[in-house]
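Undergrad: I have a structure I would like to understand better, so I am pasting it below and will then ask my questions one at a time.
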Amino acid sequence: MGIPVAALVTGANVHGSQVFIPLEKLTERNVTHLYSVMGVAYDVPQIHLYNEKKGRVALIDQNKRRGDSRRPMDPAMKILQYFILSVFDSVA
C-alpha cells in the first residue's frame with residue numbers, strides 16, 4: 001500500500017497526461033523518486049523529456065499508434081510496471 005504524496009483537482013475534461021508535470025513538481029517537494037510508472041496514454045515526448053531531465057526511469061507503455069522505432073520496454077521493467085500498477089490500482 002502507498003500513501004498519496006501529492007494531489008491535483010481538475011475538471012472532468014482534463015486528461016491526466018496534461019497535468020503530469022505540475023503533479024510531478026508537487027510530488028518532488030515531498031519525496032525523491034527514481035521511477036515514473038504510467039500507462040500508454042502518457043507516452044508523449046514532453047513526459048519522456050521531463051523524466052530524462054530529472055534522471056528518472058519512465059516506465060511507460062509504448063503507444064503503438066505512434067509508429068515510432070523506439071525499442072520496446074525491457075521485459076523486466078514491464079514486470080515491474082505491471083506489479084506497481086496492480087498494487088496501486090487495487091488501493092485506489
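Residues in the C-alpha cells are named by chain (A, B, ... in the order shown) and by number from 1 within that chain; ligands are numbered from 1 in the order shown.
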According to DSSP computed on the backbone, where in chain A is there alpha helix (DSSP H)? Give the residues as a ChimeraX atom specification.

TA: /A:20-30,45-54,75-91

Undergrad: Kindly export the residues of the current selection with C-alpha atoms, as a CSV table (one decimal), in the first residue's frame.

TA:
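The resulting selection-v4.csv:
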```
chain,number,residue,atom,x,y,z
A,20,PHE,CA,1.6,15.2,-15.2
A,21,ILE,CA,4.4,17.8,-15.0
A,22,PRO,CA,2.6,20.0,-12.4
A,23,LEU,CA,1.8,17.0,-10.3
A,24,GLU,CA,5.4,15.7,-10.5
A,25,LYS,CA,6.6,19.1,-9.3
A,26,LEU,CA,4.3,18.9,-6.3
A,27,THR,CA,5.5,15.3,-5.7
A,28,GLU,CA,9.1,16.4,-5.8
A,29,ARG,CA,8.5,18.7,-2.8
A,30,ASN,CA,7.5,15.7,-0.7
A,45,PRO,CA,7.6,13.3,-25.7
A,46,GLN,CA,7.1,16.0,-23.1
A,47,ILE,CA,6.8,13.4,-20.3
A,48,HIS,CA,9.7,11.4,-21.5
A,49,LEU,CA,11.9,14.6,-21.7
A,50,TYR,CA,10.9,15.7,-18.3
A,51,ASN,CA,11.8,12.3,-16.8
A,52,GLU,CA,15.1,12.2,-18.6
A,53,LYS,CA,15.9,15.8,-17.3
A,54,LYS,CA,15.2,14.7,-13.8
A,75,PRO,CA,10.7,-7.3,-20.1
A,76,ALA,CA,12.0,-6.9,-16.6
A,77,MET,CA,10.8,-3.3,-16.5
A,78,LYS,CA,7.4,-4.4,-17.9
A,79,ILE,CA,7.0,-6.9,-15.0
A,80,LEU,CA,7.9,-4.1,-12.5
A,81,GLN,CA,5.4,-1.7,-14.1
A,82,TYR,CA,2.7,-4.4,-14.0
A,83,PHE,CA,3.4,-5.1,-10.4
A,84,ILE,CA,3.4,-1.5,-9.3
A,85,LEU,CA,0.2,-0.7,-11.3
A,86,SER,CA,-1.6,-3.8,-9.9
A,87,VAL,CA,-0.8,-2.9,-6.3
A,88,PHE,CA,-1.7,0.7,-6.5
A,89,ASP,CA,-4.8,0.2,-8.7
A,90,SER,CA,-6.2,-2.1,-6.1
A,91,VAL,CA,-6.0,0.6,-3.4
```

Undergrad: Hey, what's within 8 Å of A:Tyr35 if we count only C-alpha atoms and toss same-chain stuff fewer than 5 positions away? As number ranges by chain, please?

TA: A: 56-59

Undergrad: I'd like the interatomic distance between atom CA of A:Val14 and atom CA of A:Lys64, to a tenth of an Å.

TA: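 Computing it gives 22.6 Å between the two atoms.
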
Undergrad: May I ask for the distance between atom CA of A:Val19 and atom CA of A:Tyr42, given in Å to one decimal place?

TA: 10.5 Å

Undergrad: Taking the chain letters and numbering used in this document, name the residues of stretch 7-64 of chain A that DSSP puts in strand (DSSP E or B), as a VMD selection string.

TA: chain A and resid 35 to 38 57 to 60
